[in-house]
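Q: Pasting entry-v9.csv here (CSV, C-alpha atoms):
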```csv
chain,number,residue,atom,x,y,z
D,1,MET,CA,142.8,32.2,147.5
D,2,THR,CA,142.4,34.8,144.7
D,3,CYS,CA,142.4,38.3,143.4
D,4,ILE,CA,140.6,39.1,140.2
D,5,VAL,CA,140.4,42.7,139.1
D,6,GLY,CA,138.6,44.3,136.2
D,7,LEU,CA,137.8,47.6,134.7
D,8,GLU,CA,135.9,49.2,131.8
D,9,ASP,CA,137.9,51.5,129.4
D,10,ALA,CA,136.7,52.9,126.1
D,11,GLY,CA,134.1,50.2,125.4
D,12,LYS,CA,136.4,47.3,126.4
D,13,VAL,CA,136.7,45.3,129.6
D,14,TRP,CA,140.1,44.4,131.0
D,15,LEU,CA,140.6,41.6,133.5
D,16,GLY,CA,143.6,40.5,135.5
D,17,GLY,CA,144.1,37.7,137.9
D,18,ASP,CA,146.7,36.1,140.1
D,19,SER,CA,147.6,32.4,140.0
D,20,ALA,CA,147.9,31.3,143.7
D,21,VAL,CA,145.8,28.4,144.9
D,22,SER,CA,145.3,26.7,148.3
D,23,TRP,CA,143.6,23.4,149.2
D,24,THR,CA,141.1,22.9,152.0
D,25,GLY,CA,143.0,22.0,155.2
D,26,ASP,CA,146.2,23.3,153.8
D,27,ASP,CA,147.5,26.6,155.2
D,28,ALA,CA,150.1,26.9,152.4
D,29,VAL,CA,149.5,29.0,149.3
D,30,HIS,CA,150.8,27.5,146.1
D,31,ALA,CA,151.8,29.6,143.1
D,32,VAL,CA,151.1,27.1,140.3
D,33,SER,CA,150.4,29.3,137.3
D,34,HIS,CA,146.7,28.5,137.6
D,35,LYS,CA,144.9,30.8,135.1
D,36,LYS,CA,141.8,32.3,136.7
D,37,VAL,CA,140.9,34.6,133.8
D,38,VAL,CA,139.5,32.9,130.7
D,39,ARG,CA,137.6,33.8,127.5
D,40,ARG,CA,134.5,31.7,126.8
D,41,GLY,CA,131.8,32.4,124.2
D,42,GLY,CA,133.0,36.0,123.7
D,43,LEU,CA,132.9,36.7,127.4
D,44,LEU,CA,135.8,37.4,129.7
D,45,ILE,CA,135.5,35.5,132.9
D,46,GLY,CA,137.5,35.8,136.1
D,47,LEU,CA,136.9,33.1,138.8
D,48,ALA,CA,137.3,33.2,142.5
D,49,GLY,CA,136.2,30.7,145.2
D,50,HIS,CA,136.2,27.0,145.7
D,51,LEU,CA,138.9,25.5,143.5
D,52,GLY,CA,136.7,22.6,142.2
D,53,ALA,CA,133.7,24.8,141.4
D,54,CYS,CA,135.9,27.4,139.7
D,55,THR,CA,137.8,24.8,137.7
D,56,LEU,CA,134.5,23.2,136.6
D,57,ALA,CA,133.1,26.7,135.7
D,58,ALA,CA,136.2,27.6,133.6
D,59,SER,CA,136.2,24.3,131.7
D,60,VAL,CA,132.5,23.9,131.0
D,61,ALA,CA,131.4,27.5,130.5
D,62,ALA,CA,130.3,27.9,126.9
D,63,PRO,CA,127.8,30.8,126.8
D,64,GLU,CA,126.2,31.9,123.6
D,65,PRO,CA,128.0,34.9,122.0
D,66,TYR,CA,126.6,38.2,123.2
D,67,ASP,CA,124.6,39.9,120.4
D,68,GLY,CA,123.2,43.0,122.1
D,69,GLY,CA,120.6,43.8,124.7
D,70,ASP,CA,121.0,43.8,128.4
D,71,PRO,CA,124.4,42.2,129.2
D,72,ARG,CA,123.2,41.2,132.7
D,73,GLU,CA,120.4,39.2,131.2
D,74,HIS,CA,122.7,37.6,128.8
D,75,VAL,CA,125.1,36.6,131.5
D,76,LEU,CA,122.3,35.2,133.7
D,77,VAL,CA,120.6,33.2,131.0
D,78,SER,CA,123.7,32.0,129.0
D,79,LEU,CA,126.2,31.5,131.8
D,80,VAL,CA,125.0,31.6,135.4
D,81,LEU,CA,121.8,29.4,135.1
D,82,PRO,CA,123.6,26.6,133.0
D,83,LEU,CA,126.6,26.8,135.4
D,84,ARG,CA,124.3,26.4,138.4
D,85,ALA,CA,122.8,23.2,136.8
D,86,THR,CA,126.3,21.8,136.1
D,87,LEU,CA,127.5,22.6,139.6
D,88,LYS,CA,124.4,20.9,141.1
D,89,LYS,CA,125.1,17.8,139.1
D,90,ALA,CA,128.7,17.7,140.4
D,91,GLY,CA,127.6,18.3,144.0
D,92,LEU,CA,129.3,21.7,144.1
D,93,LEU,CA,126.4,24.1,144.0
D,94,ASP,CA,126.9,25.0,147.7
D,95,GLU,CA,130.6,25.8,147.2
D,96,PRO,CA,131.4,29.5,146.7
D,97,CYS,CA,132.3,30.6,143.2
D,98,ASP,CA,132.2,34.2,142.2
D,99,LEU,CA,132.7,35.5,138.6
D,100,LEU,CA,133.9,38.9,137.3
D,101,ILE,CA,132.7,39.1,133.7
D,102,GLY,CA,133.3,41.3,130.7
D,103,CYS,CA,130.2,41.4,128.4
D,104,GLY,CA,129.2,44.0,125.9
D,105,GLY,CA,131.9,46.4,127.1
D,106,LYS,CA,130.5,46.2,130.7
D,107,LEU,CA,132.1,44.7,133.8
D,108,LEU,CA,129.7,42.6,135.7
D,109,TYR,CA,129.8,40.5,138.9
D,110,ALA,CA,127.9,37.2,138.9
D,111,GLY,CA,127.5,34.7,141.7
D,112,THR,CA,126.4,31.1,141.4
D,113,ASP,CA,123.5,32.1,143.6
D,114,GLY,CA,122.1,33.9,140.6
D,115,ALA,CA,123.1,37.5,141.4
D,116,VAL,CA,124.3,39.6,138.5
D,117,HIS,CA,125.1,43.3,138.7
D,118,GLY,CA,127.3,46.0,137.3
D,119,PHE,CA,129.7,48.4,139.0
D,120,ARG,CA,128.9,52.1,139.5
D,121,ASP,CA,132.4,53.3,138.6
D,122,GLY,CA,133.3,50.7,136.0
D,123,CYS,CA,135.9,48.8,138.1
D,124,GLY,CA,135.6,45.8,140.5
D,125,ALA,CA,137.4,43.0,142.2
D,126,ILE,CA,136.6,39.6,143.7
D,127,GLY,CA,138.5,37.1,145.9
D,128,SER,CA,140.4,37.3,149.1
D,129,GLY,CA,142.5,40.3,148.0
D,130,SER,CA,139.6,42.3,146.6
D,131,SER,CA,139.8,45.1,149.2
D,132,TYR,CA,143.5,45.7,148.6
D,133,ALA,CA,143.0,45.6,144.8
D,134,LEU,CA,140.1,48.1,144.8
D,135,GLY,CA,142.2,50.7,146.7
D,136,ALA,CA,145.2,50.2,144.5
D,137,LEU,CA,143.1,50.2,141.3
D,138,HIS,CA,141.5,53.5,142.4
D,139,ALA,CA,144.9,55.1,143.0
D,140,ALA,CA,146.7,53.7,140.0
D,141,ARG,CA,147.1,55.8,136.8
D,142,GLY,CA,148.1,54.7,133.3
D,143,THR,CA,146.9,52.2,130.8
D,144,PRO,CA,144.3,49.7,131.8
D,145,LYS,CA,146.8,46.8,131.9
D,146,LEU,CA,149.2,48.9,134.0
D,147,ARG,CA,146.5,49.8,136.5
D,148,LEU,CA,145.5,46.1,136.8
D,149,ARG,CA,149.1,45.0,137.2
D,150,ARG,CA,149.7,47.6,139.9
D,151,ALA,CA,146.6,46.6,141.7
D,152,LEU,CA,147.6,42.9,141.6
D,153,GLU,CA,151.2,43.7,142.7
D,154,ALA,CA,150.0,45.8,145.6
D,155,THR,CA,147.5,43.0,146.6
D,156,ALA,CA,150.2,40.3,146.5
D,157,HIS,CA,152.4,42.5,148.7
D,158,TYR,CA,149.8,42.9,151.4
D,159,CYS,CA,147.8,39.7,151.0
D,160,ALA,CA,149.7,36.4,151.5
D,161,SER,CA,147.1,34.4,149.6
D,162,VAL,CA,147.7,36.3,146.3
D,163,ALA,CA,150.7,35.6,144.1
D,164,GLY,CA,151.9,35.9,140.6
D,165,PRO,CA,152.3,35.2,137.8
D,166,PHE,CA,149.5,37.5,136.8
D,167,TYR,CA,147.4,36.9,133.7
D,168,PHE,CA,145.4,39.5,131.7
D,169,LEU,CA,142.7,39.6,129.1
D,170,HIS,CA,140.8,42.3,127.4
D,171,GLY,CA,138.0,42.5,124.9
D,172,SER,CA,135.3,44.5,123.2
D,173,PRO,CA,131.6,43.5,122.7
D,174,ALA,CA,132.5,41.5,119.6
D,175,ALA,CA,135.5,39.8,121.3
```
Please, can you express the file's structure as C-alpha cells?

A:
Amino acid sequence: MTCIVGLEDAGKVWLGGDSAVSWTGDDAVHAVSHKKVVRRGGLLIGLAGHLGACTLAASVAAPEPYDGGDPREHVLVSLVLPLRATLKKAGLLDEPCDLLIGCGGKLLYAGTDGAVHGFRDGCGAIGSGSSYALGALHAARGTPKLRLRRALEATAHYCASVAGPFYFLHGSPAA
C-alpha cells in the first residue's frame, strides 16, 4: 500500500513517498523504511503497486538521460517499454505497477500498460492514499517539500495503509 505525491515548481519536479508495505494475504501494514522514490537515469521515479513489480522496476530501471524533446515520449521509449519487457520476463507483467515520474521539469504518470500522461495542474498522486494526498496537496501552502510532507502526513492520518518515514526527491531537467 502506498502514497506517492508529486508536483512541478519553478522548472523542477518534487516527489515524496511513504514507506509502508503489505504482503498478499497479510492484512497487516509494515513500516519498513522501503524507499518508493528513486532517481534513475536523471529521472525521478515514484512507484506504487505490486511489491515485486515495483521492486524490480526500481532496481532495473536505467533510462537514457533526458536531452530534450517530448518528456512523455522519452519516458515511454526509455523507461516504460523496457520495463514492460523486463516484467514480462519475470512473469510480473500483469501485476499492477504505477509510476509517478519527474522528467524535463514535468510531472508525468506512467503505467506498465503503456499509458503516459501529464497533469493539468502540475500535481498528482498514485497509490492507495492518492485521493487523500491530492486534497491535502491542493490545500497545503508553503515550499514544495512542505506541501508534499503535509499531504503525506494527512494521508497517513486517514489511510491506514500509508505510513512514514517519508522520503523526498527533487530535480531539474538536468538532474

Q: Distance CA of Pro165 in chain D-CA of Ala48 in chain D, one decimal place?

A: 15.8 Å

Q: Nearest to Trp14 in chain D: which of D:Cys54, D:Ile126, D:Cys103, D:Val162 is it, counting only C-alpha atoms?

A: D:Cys103

Q: Name all residues at most 10 Å from Arg141 in chain D (count all atoms listed in the file; drop same-chain ones fewer than 6 positions away) and give them as a list in words.

A: Arg147, Leu148 and Arg150 of chain D

Q: CA of Pro96 in chain D to CA of Ala156 in chain D: how many Å, to one decimal?

A: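 For CA of Pro96 in chain D relative to CA of Ala156 in chain D, the distance reads 21.7 Å.
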
Q: Taking only C-alpha atoms into account, name the residue in D:Cys159, D:Leu43, D:Leu7, D:Leu51 that is nearest to Tyr66 in chain D.

A: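 Ranked by minimum distance to Tyr66 in chain D, first place goes to D:Leu43.
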
Q: Separation of CA of Gly41 in chain D and CA of Thr155 in chain D, in Å?

A: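 Between CA of Gly41 in chain D and CA of Thr155 in chain D the gap is 29.3 Å.
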
Q: Pick the closest to Leu134 in chain D from D:Leu83, D:Cys3, D:Gly105, D:Leu44: which is it, counting all atoms listed in the file?

A: D:Cys3

Q: Any idea what's packed within 9 Å of Thr86 in chain D, counting all atoms listed in the file, ignoring anything in its chain fewer than 6 positions away? Could you give it as an mmCIF file with C-alpha atoms, in the coordinates of the input?

A:
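The new file part14.cif reads:
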```cif
data_model
loop_
_atom_site.group_PDB
_atom_site.id
_atom_site.type_symbol
_atom_site.label_atom_id
_atom_site.label_comp_id
_atom_site.auth_asym_id
_atom_site.auth_seq_id
_atom_site.Cartn_x
_atom_site.Cartn_y
_atom_site.Cartn_z
ATOM 1 C CA LEU D 56 134.500 23.200 136.600
ATOM 2 C CA ALA D 57 133.100 26.700 135.700
ATOM 3 C CA VAL D 60 132.500 23.900 131.000
ATOM 4 C CA LEU D 92 129.300 21.700 144.100
ATOM 5 C CA LEU D 93 126.400 24.100 144.000
#
```

Q: For Gly17 in chain D, please output as an mmCIF file with C-alpha atoms, in the coordinates of the input all residues within 9 Å (counting only C-alpha atoms; exclusion window: fewer than 3 positions along the same chain).

A:
```
data_model
loop_
_atom_site.group_PDB
_atom_site.id
_atom_site.type_symbol
_atom_site.label_atom_id
_atom_site.label_comp_id
_atom_site.auth_asym_id
_atom_site.auth_seq_id
_atom_site.Cartn_x
_atom_site.Cartn_y
_atom_site.Cartn_z
ATOM 1 C CA THR D 2 142.400 34.800 144.700
ATOM 2 C CA CYS D 3 142.400 38.300 143.400
ATOM 3 C CA ILE D 4 140.600 39.100 140.200
ATOM 4 C CA VAL D 5 140.400 42.700 139.100
ATOM 5 C CA GLY D 6 138.600 44.300 136.200
ATOM 6 C CA LYS D 35 144.900 30.800 135.100
ATOM 7 C CA LYS D 36 141.800 32.300 136.700
ATOM 8 C CA VAL D 37 140.900 34.600 133.800
ATOM 9 C CA GLY D 46 137.500 35.800 136.100
ATOM 10 C CA LEU D 47 136.900 33.100 138.800
ATOM 11 C CA LEU D 148 145.500 46.100 136.800
ATOM 12 C CA ARG D 149 149.100 45.000 137.200
ATOM 13 C CA LEU D 152 147.600 42.900 141.600
ATOM 14 C CA GLY D 164 151.900 35.900 140.600
ATOM 15 C CA PRO D 165 152.300 35.200 137.800
ATOM 16 C CA PHE D 166 149.500 37.500 136.800
ATOM 17 C CA TYR D 167 147.400 36.900 133.700
ATOM 18 C CA PHE D 168 145.400 39.500 131.700
#
```

Q: Choose the residue, out of D:Ala160, D:Ala10, D:Ile101, D:Val77, that has the smallest atom-to-atom separation from Ser128 in chain D; count all atoms listed in the file.

A: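 Among the listed residues, D:Ala160 lies closest to Ser128 in chain D.
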
Q: Just checking: using only C-alpha atoms, which residue out of D:Ala151, D:Pro71, D:His34, D:Asp18 ends up closest to Ser131 in chain D?

A: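 Smallest distance to Ser131 in chain D is found for D:Ala151.
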
Q: Taking into account all atoms listed in the file, which residue in the set D:Gly91, D:Gly114, D:Ser22, D:Leu107 is nearest to Ser78 in chain D?

A: D:Gly114

Q: Report as an NGL selection string all protein, DNA and RNA residues lying within 7 Å of Val80 in chain D, evaluated on only C-alpha atoms, omitting residues in the same chain fewer than 4 positions from it.

A: :D and (75-76 or 84 or 112 or 114)

Q: Report as a compact mmCIF listing (two decimals) with C-alpha atoms, in the frame of the given file all protein, DNA and RNA residues lying within 9 Å of Tyr109 in chain D, evaluated on all atoms listed in the file, omitting residues in the same chain fewer than 6 positions from it.

A:
```txt
# COMPACT_ATOMS: atom_id res chain seq x y z
CA ASP D 98 132.20 34.20 142.20
CA LEU D 99 132.70 35.50 138.60
CA LEU D 100 133.90 38.90 137.30
CA ILE D 101 132.70 39.10 133.70
CA GLY D 102 133.30 41.30 130.70
CA ALA D 115 123.10 37.50 141.40
CA VAL D 116 124.30 39.60 138.50
CA HIS D 117 125.10 43.30 138.70
CA GLY D 118 127.30 46.00 137.30
CA PHE D 119 129.70 48.40 139.00
CA GLY D 124 135.60 45.80 140.50
CA ALA D 125 137.40 43.00 142.20
CA ILE D 126 136.60 39.60 143.70
```
